[in-house]
file query03.txt (compact mmCIF, N, CA and C atoms)
# COMPACT_ATOMS: atom_id res chain seq x y z
N MET L 15 107.40 62.95 98.75
CA MET L 15 107.26 63.20 97.33
C MET L 15 106.67 64.60 97.13
N ALA L 16 107.21 65.35 96.23
CA ALA L 16 106.76 66.72 95.97
C ALA L 16 105.50 66.72 95.11
N ASP L 17 104.94 67.89 94.96
CA ASP L 17 103.73 68.04 94.16
C ASP L 17 103.97 67.59 92.72
N ASP L 18 102.98 66.92 92.17
CA ASP L 18 103.04 66.47 90.78
C ASP L 18 101.97 67.23 90.01
N CYS L 19 102.29 68.45 89.61
CA CYS L 19 101.31 69.32 88.95
C CYS L 19 100.95 68.79 87.57
N CYS L 20 99.69 68.56 87.39
CA CYS L 20 99.13 68.21 86.09
C CYS L 20 99.75 66.95 85.49
N GLY L 21 100.30 66.08 86.31
CA GLY L 21 100.87 64.83 85.82
C GLY L 21 102.18 65.00 85.07
N ILE L 22 102.80 66.16 85.20
CA ILE L 22 104.03 66.42 84.43
C ILE L 22 105.26 65.88 85.15
N GLY L 23 105.27 65.94 86.45
CA GLY L 23 106.43 65.43 87.19
C GLY L 23 107.07 66.51 88.01
N ASN L 24 108.08 66.12 88.77
CA ASN L 24 108.74 67.05 89.67
C ASN L 24 110.10 67.44 89.09
N ASP L 25 110.08 68.20 88.03
CA ASP L 25 111.32 68.72 87.45
C ASP L 25 111.06 70.13 86.91
N ALA L 26 111.89 70.61 86.04
CA ALA L 26 111.76 71.97 85.53
C ALA L 26 110.45 72.17 84.76
N THR L 27 109.88 71.09 84.22
CA THR L 27 108.66 71.23 83.43
C THR L 27 107.41 71.36 84.30
N THR L 28 107.54 71.19 85.61
CA THR L 28 106.39 71.29 86.50
C THR L 28 105.72 72.65 86.40
N SER L 29 106.50 73.69 86.20
CA SER L 29 105.95 75.04 86.14
C SER L 29 105.22 75.30 84.82
N VAL L 30 105.24 74.35 83.89
CA VAL L 30 104.58 74.53 82.61
C VAL L 30 103.07 74.36 82.74
N GLY L 31 102.61 73.59 83.71
CA GLY L 31 101.19 73.29 83.87
C GLY L 31 100.28 74.50 83.81
N PRO L 32 100.50 75.51 84.64
CA PRO L 32 99.63 76.69 84.60
C PRO L 32 99.68 77.41 83.26
N TRP L 33 100.85 77.45 82.64
CA TRP L 33 100.97 78.12 81.34
C TRP L 33 100.25 77.33 80.25
N LEU L 34 100.30 76.03 80.37
CA LEU L 34 99.59 75.18 79.41
C LEU L 34 98.09 75.44 79.51
N TRP L 35 97.58 75.54 80.72
CA TRP L 35 96.16 75.82 80.93
C TRP L 35 95.82 77.20 80.38
N SER L 36 96.70 78.18 80.60
CA SER L 36 96.46 79.53 80.07
C SER L 36 96.44 79.53 78.55
N ALA L 37 97.34 78.77 77.95
CA ALA L 37 97.38 78.68 76.48
C ALA L 37 96.10 78.03 75.95
N TYR L 38 95.64 77.00 76.62
CA TYR L 38 94.40 76.32 76.22
C TYR L 38 93.22 77.29 76.28
N ARG L 39 93.12 78.04 77.37
CA ARG L 39 92.03 79.01 77.51
C ARG L 39 92.12 80.11 76.46
N ALA L 40 93.34 80.59 76.19
CA ALA L 40 93.52 81.64 75.18
C ALA L 40 93.10 81.14 73.81
N HIS L 41 93.46 79.89 73.51
CA HIS L 41 93.07 79.29 72.23
C HIS L 41 91.55 79.24 72.11
N ASN L 42 90.87 78.82 73.16
CA ASN L 42 89.41 78.74 73.13
C ASN L 42 88.78 80.13 73.00
N GLU L 43 89.34 81.11 73.69
CA GLU L 43 88.81 82.47 73.59
C GLU L 43 88.97 83.03 72.18
N LEU L 44 90.13 82.77 71.57
CA LEU L 44 90.36 83.23 70.21
C LEU L 44 89.39 82.57 69.24
N LEU L 45 89.21 81.27 69.38
CA LEU L 45 88.27 80.55 68.53
C LEU L 45 86.86 81.09 68.71
N ARG L 46 86.50 81.36 69.94
CA ARG L 46 85.18 81.91 70.24
C ARG L 46 84.98 83.26 69.57
N GLU L 47 85.99 84.13 69.64
CA GLU L 47 85.90 85.45 69.01
C GLU L 47 85.79 85.33 67.49
N LYS L 48 86.53 84.40 66.91
CA LYS L 48 86.47 84.21 65.46
C LYS L 48 85.09 83.70 65.05
N LEU L 49 84.54 82.79 65.83
CA LEU L 49 83.20 82.28 65.53
C LEU L 49 82.16 83.39 65.64
N LYS L 50 82.29 84.22 66.68
CA LYS L 50 81.36 85.33 66.86
C LYS L 50 81.43 86.28 65.67
N ALA L 51 82.65 86.54 65.19
CA ALA L 51 82.82 87.45 64.05
C ALA L 51 82.18 86.85 62.79
N LYS L 52 82.35 85.55 62.59
CA LYS L 52 81.75 84.89 61.41
C LYS L 52 80.23 84.93 61.49
N PHE L 53 79.68 84.62 62.66
CA PHE L 53 78.23 84.67 62.83
C PHE L 53 77.72 86.09 62.63
N ASP L 54 78.44 87.06 63.15
CA ASP L 54 78.01 88.45 63.00
C ASP L 54 78.02 88.85 61.54
N ALA L 55 79.04 88.41 60.79
CA ALA L 55 79.13 88.76 59.38
C ALA L 55 78.00 88.12 58.56
N THR L 56 77.67 86.87 58.88
CA THR L 56 76.66 86.17 58.07
C THR L 56 75.25 86.33 58.60
N GLU L 57 75.08 86.39 59.89
CA GLU L 57 73.75 86.42 60.50
C GLU L 57 73.41 87.74 61.17
N GLY L 58 74.38 88.64 61.24
CA GLY L 58 74.20 89.89 61.97
C GLY L 58 72.97 90.68 61.61
N PRO L 59 72.75 90.98 60.31
CA PRO L 59 71.57 91.78 59.95
C PRO L 59 70.25 91.09 60.35
N TRP L 60 70.19 89.78 60.18
CA TRP L 60 68.97 89.04 60.54
C TRP L 60 68.79 89.06 62.05
N LEU L 61 69.88 88.85 62.79
CA LEU L 61 69.80 88.86 64.25
C LEU L 61 69.42 90.25 64.77
N ASP L 62 69.84 91.29 64.08
CA ASP L 62 69.44 92.65 64.46
C ASP L 62 67.93 92.81 64.34
N GLN L 63 67.35 92.26 63.28
CA GLN L 63 65.90 92.34 63.10
C GLN L 63 65.18 91.56 64.20
N VAL L 64 65.69 90.37 64.52
CA VAL L 64 65.08 89.56 65.58
C VAL L 64 65.17 90.31 66.91
N ALA L 65 66.32 90.88 67.20
CA ALA L 65 66.51 91.61 68.46
C ALA L 65 65.54 92.79 68.56
N THR L 66 65.37 93.52 67.46
CA THR L 66 64.44 94.66 67.45
C THR L 66 63.02 94.21 67.74
N LEU L 67 62.60 93.11 67.12
CA LEU L 67 61.25 92.61 67.35
C LEU L 67 61.07 92.11 68.78
N LEU L 68 62.08 91.48 69.33
CA LEU L 68 61.98 91.01 70.72
C LEU L 68 61.87 92.18 71.69
N VAL L 69 62.61 93.24 71.43
CA VAL L 69 62.52 94.44 72.27
C VAL L 69 61.12 95.04 72.14
N ASP L 70 60.59 95.11 70.91
CA ASP L 70 59.22 95.62 70.71
C ASP L 70 58.20 94.77 71.46
N LEU L 71 58.40 93.46 71.45
CA LEU L 71 57.48 92.56 72.13
C LEU L 71 57.48 92.81 73.64
N VAL L 72 58.67 92.93 74.21
CA VAL L 72 58.78 93.21 75.64
C VAL L 72 58.14 94.55 75.97
N ASN L 73 58.41 95.55 75.15
CA ASN L 73 57.83 96.88 75.40
C ASN L 73 56.31 96.87 75.28
N SER L 74 55.79 96.12 74.32
CA SER L 74 54.33 96.07 74.18
C SER L 74 53.68 95.39 75.37
N ARG L 75 54.34 94.42 75.94
CA ARG L 75 53.78 93.75 77.12
C ARG L 75 53.80 94.67 78.34
N TRP L 76 54.74 95.60 78.39
CA TRP L 76 54.79 96.54 79.50
C TRP L 76 53.67 97.57 79.40
N GLU L 77 53.24 97.87 78.18
CA GLU L 77 52.22 98.89 78.00
C GLU L 77 50.86 98.45 78.54
N GLY L 78 50.49 97.22 78.29
CA GLY L 78 49.23 96.68 78.80
C GLY L 78 48.02 97.13 78.00
N GLY L 79 46.87 96.54 78.33
CA GLY L 79 45.61 96.92 77.71
C GLY L 79 45.44 96.41 76.28
N ARG L 80 44.37 96.91 75.61
CA ARG L 80 44.06 96.49 74.24
C ARG L 80 45.17 96.90 73.28
N LYS L 81 45.74 98.05 73.50
CA LYS L 81 46.82 98.51 72.64
C LYS L 81 47.96 97.51 72.66
N MET L 82 48.26 96.97 73.84
CA MET L 82 49.33 96.00 74.01
C MET L 82 49.01 94.73 73.24
N GLU L 83 47.77 94.27 73.34
CA GLU L 83 47.40 93.02 72.67
C GLU L 83 47.57 93.12 71.16
N GLU L 84 47.15 94.22 70.58
CA GLU L 84 47.28 94.42 69.13
C GLU L 84 48.74 94.52 68.72
N ARG L 85 49.50 95.32 69.44
CA ARG L 85 50.92 95.49 69.12
C ARG L 85 51.67 94.17 69.31
N GLU L 86 51.33 93.43 70.36
CA GLU L 86 51.97 92.15 70.61
C GLU L 86 51.65 91.16 69.48
N ARG L 87 50.39 91.13 69.05
CA ARG L 87 49.99 90.23 67.97
C ARG L 87 50.75 90.56 66.68
N GLU L 88 50.84 91.85 66.36
CA GLU L 88 51.57 92.27 65.15
C GLU L 88 53.04 91.90 65.24
N THR L 89 53.63 92.14 66.40
CA THR L 89 55.05 91.83 66.58
C THR L 89 55.30 90.34 66.49
N LEU L 90 54.42 89.54 67.08
CA LEU L 90 54.58 88.09 67.01
C LEU L 90 54.45 87.58 65.57
N GLU L 91 53.56 88.20 64.78
CA GLU L 91 53.43 87.84 63.37
C GLU L 91 54.72 88.14 62.62
N LYS L 92 55.26 89.34 62.83
CA LYS L 92 56.52 89.72 62.16
C LYS L 92 57.65 88.78 62.57
N LEU L 93 57.72 88.47 63.87
CA LEU L 93 58.76 87.58 64.36
C LEU L 93 58.60 86.20 63.76
N GLY L 94 57.37 85.70 63.68
CA GLY L 94 57.12 84.40 63.08
C GLY L 94 57.57 84.34 61.63
N LYS L 95 57.28 85.40 60.86
CA LYS L 95 57.72 85.46 59.46
C LYS L 95 59.24 85.47 59.37
N LEU L 96 59.87 86.24 60.23
CA LEU L 96 61.33 86.35 60.21
C LEU L 96 61.98 85.02 60.57
N LEU L 97 61.44 84.34 61.57
CA LEU L 97 62.01 83.07 61.98
C LEU L 97 61.75 81.96 60.97
N ALA L 98 60.73 82.13 60.13
CA ALA L 98 60.41 81.13 59.11
C ALA L 98 61.35 81.22 57.91
N GLU L 99 62.10 82.32 57.79
CA GLU L 99 63.02 82.49 56.65
C GLU L 99 64.11 81.46 56.68
call {"tool": "encode", "arguments": {"input": "query03.txt", "output": "structure tokens"}}
result
Amino acid sequence: MADDCCGIGNDATTSVGPWLWSAYRAHNELLREKLKAKFDATEGPWLDQVATLLVDLVNSRWEGGRKMEERERETLEKLGKLLAE
């Protein structure tokens, strides 16, 4: 008995299996891109603010010392306010 790819059978349609999988993956990738675009359009500006504050937080932790503690506290307050929106 020959290979039975993807349960399709041993005829001309056997070669469809890999293309079917490719079509499924392409569909998911397209949906993913559309969702990303929608999220970017609606949440993009807010996410930009969150990203900026997270970068500031990481940078303040690298600085160390009392200056770091104050900057970290301020950044965490701003982030808390932003996330509470």
call {"tool": "closest_residue", "arguments": {"input": "query03.txt", "among": "L:Thr89, L:Trp33, L:Ala55, L:Tyr38", "to": "Leu68 of chain L", "atoms": "only N, CA and C atoms"}}
result
L:Thr89
call {"tool": "atom_distance", "arguments": {"input": "query03.txt", "atom1": "atom N of Arg75 of chain L", "atom2": "atom CA of Glu88 of chain L"}}
result
11.3 Å
call {"tool": "atom_distance", "arguments": {"input": "query03.txt", "atom1": "atom CA of Arg46 of chain L", "atom2": "atom CA of Leu61 of chain L"}}
result
17.9 Å
call {"tool": "closest_residue", "arguments": {"input": "query03.txt", "among": "L:Glu86, L:Leu93, L:Ala51, L:Glu99", "to": "Gln63 of chain L", "atoms": "only N, CA and C atoms"}}
result
L:Leu93
call {"tool": "atom_distance", "arguments": {"input": "query03.txt", "atom1": "atom CA of Leu67 of chain L", "atom2": "atom N of Glu47 of chain L"}}
result
26.3 Å
call {"tool": "closest_residue", "arguments": {"input": "query03.txt", "among": "L:Leu44, L:Val64, L:Leu49, L:Ala37", "to": "Ala98 of chain L", "atoms": "only C-alpha atoms"}}
result
L:Val64
